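Undergrad: Pasting a structure below so you can have a look.
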Number of protein chains: 2
Amino acid sequence: MSDFHDAAKGGLSAGQLEAVLRQVGAERYHNRHPYHHKMISGALSKAELQAWALNRYCYQAVIPRKDATILARAEDPAFRAAWRKRIEDHDGDDGWSGGIARWLHLATSLGLDAEAVKSERLALPATRFAVEAYVSFCADRTLFEAVASSLTEMFSPVIIGERVPAMLAKYDYVTEDTLAYFTRRPEQAARDADFALAYVLKGADTPERQQQAIDALAFKCDILWAMLDALQHAYGEGGNIPPGAFRPETAK
Amino acid sequence: MSDFHDAAKGGLSAGQLEAVLRQVGAERYHNRHPYHHKMISGALSKAELQAWALNRYCYQAVIPRKDATILARAEDPAFRAAWRKRIEDHDGDDGWSGGIARWLHLATSLGLDAEAVKSERLALPATRFAVEAYVSFCADRTLFEAVASSLTEMFSPVIIGERVPAMLAKYDYVTEDTLAYFTRRPEQAARDADFALAYVLKGADTPERQQQAIDALAFKCDILWAMLDALQHAYGEGGNIPPGAFRPETAK
């Protein structure tokens, strides 16, 4: 396991910086997490899949607010025009015809009640804290760091490519309709990641900013990792569900 | 397990509200958590105690900023004069002669390096997210809710009373000097909890505000619970230490 805390010491070329960023993803993106491995091996219970869908909803639901936070800080109209596509992707034309609605469909296809999911009341507190930390990061750090934290999307096509065929093959109650969310994501993520990577590589013109980009990406990997840690702890082994959170046996 | 989400429906007397708040603590305070039970039974490894001390440091270190956040929102000089004692308790006269310094001493007495602890670099991301959520809550919610979230201190003398004698009895490397932090805390916590409880009971003059007080206390219990969940998951069972976090075998 690498320590990336001084990876930019002495300065990097754009190509070297991109290589370090890809190394952060290779070591810390959540396709390395045991919960993901268990998911694609077909070993998650339906309750564990429900808990994943219900908690991940909180992340999906906050993404447009995260992106609006970034939009609100961007002074360049061309940047804003590119970035606002992310909000359109997730909200759709009317708020409920984009990615959030498709994630909700995924959750209800797994047997969860739509209102219970949307209320977010049954999500793990650790999920809420992680999601909130992501929005706060994008509000409190520099615009450059906020953009760099989005670079986990560079690795999103990989995890989707692992997840979708495995889920279709291993869980008889999971259909292509269940997973419709993922159909458009690789293309959107690739477009967004290309834009963000070009922005970061261009803007990382000092060792300090290069290190900020690396740290921001590692931070975002921590967010996604912590969300799966919380699921694994609560639902995956031993049943350590915290007070007030989703309990499969009383699932509505 | 009670659901406190509509506990104030229809309105409560001050005595009834206090009883509900105490019930929240009885069900959700972190003296109910398995990691605490393991601690007082003497079953934690030294590495698990180190991880606890190192992660909890992040919480201790942020408390004066949390209290300053509350202070900054308080318009009543008498309230501020009472509340600022909390900052004095944790920072001491010169910043390093109060509770934070005593917690650092606890951590170094367990064999951790002071600079490593103070840097917070090796803490679990989930710890950071939980601690940050607490500060954000006190900045973003009403002053009333921020004060109510501090009411976990009502239960702090209980957990300290369980923790200190058990640790002295069960771990031969833990001495009274190690645990000096806890000597003054029960008295300080009782003073602070009395003040905050009186403030909350007086201010909770509608069912809505009563519910806010209950929710704020449950939220704070979630913070403390999530911190122990993260420790238990990473260090307590199976060894699920996330990338970049404290690894006992390489502890400085």
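Convention: chains lettered A, B, ... in structure tokens order; per-chain residue numbering from 1; ligands numbered from 1 as shown.
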With only C-alpha atoms considered, list every residue of chain B at most 6 Å from chain A, as a list in words.

TA: Ala126, Phe129, Ala130, Ala133, Ala226 and His233 of chain B

Undergrad: Those residues with N, CA and C atoms, as a PDB file, in the first residue's frame please?

TA:
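Writing the result to part-v8.pdb gives the following:
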```
ATOM      1  N   ALA B 126     -13.600   7.340   8.538  1.00  0.00           N
ATOM      2  CA  ALA B 126     -14.935   7.371   9.149  1.00  0.00           C
ATOM      3  C   ALA B 126     -14.941   8.192  10.427  1.00  0.00           C
ATOM      4  N   PHE B 129     -15.029  11.814   9.266  1.00  0.00           N
ATOM      5  CA  PHE B 129     -16.344  12.206   8.743  1.00  0.00           C
ATOM      6  C   PHE B 129     -17.338  12.413   9.890  1.00  0.00           C
ATOM      7  N   ALA B 130     -17.273  11.560  10.900  1.00  0.00           N
ATOM      8  CA  ALA B 130     -18.198  11.682  12.028  1.00  0.00           C
ATOM      9  C   ALA B 130     -17.922  12.961  12.812  1.00  0.00           C
ATOM     10  N   ALA B 133     -19.010  15.925  10.926  1.00  0.00           N
ATOM     11  CA  ALA B 133     -20.477  16.050  10.915  1.00  0.00           C
ATOM     12  C   ALA B 133     -20.972  16.727  12.187  1.00  0.00           C
ATOM     13  N   ALA B 226     -20.980   5.636  15.730  1.00  0.00           N
ATOM     14  CA  ALA B 226     -20.301   5.396  14.443  1.00  0.00           C
ATOM     15  C   ALA B 226     -18.786   5.361  14.629  1.00  0.00           C
ATOM     16  N   HIS B 233     -14.839  -2.332  13.311  1.00  0.00           N
ATOM     17  CA  HIS B 233     -14.707  -2.920  11.982  1.00  0.00           C
ATOM     18  C   HIS B 233     -13.244  -2.994  11.551  1.00  0.00           C
TER      19      HIS B 233
END
```

Undergrad: Which residues are close to Leu110 (chain A), i.e. within 12 Å by only C-alpha atoms, leaving aside same-chain residues fewer than 3 positions away? Reply as a PyMOL selection string.

TA: chain A and resi 45-54+103-107+113-114+117+171-175+177-179+248+251-252

Undergrad: Neighbouring residues of region 140-154 of chain A were defined as those with any atom within 6 Å, considering only C-alpha atoms; residues of the same chain fewer than 5 positions away were excluded. Please report them as number ranges by chain.

TA: A: 189, 193, 213, 216-217, 220

Undergrad: Hey, what's within 10 Å of Ala72 (chain B) if we count only C-alpha atoms and toss same-chain stuff fewer than 5 positions away? As a list in words, please?

TA: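 Close residues of Ala72 (chain B): Lys66, Asp67, Arg80, Ala139 and Leu143 of chain B.
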
Undergrad: At what distance in Å, to one decimal, does CA of Ala116 (chain A) lie from CA of Ala245 (chain A)?

TA: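 That distance, rounded to one decimal, is 11.4 Å.
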
Undergrad: In Å to one decimal, how far is CA of Leu224 (chain B) from CA of Leu112 (chain A)?

TA: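 Computing it gives 28.3 Å between the two atoms.
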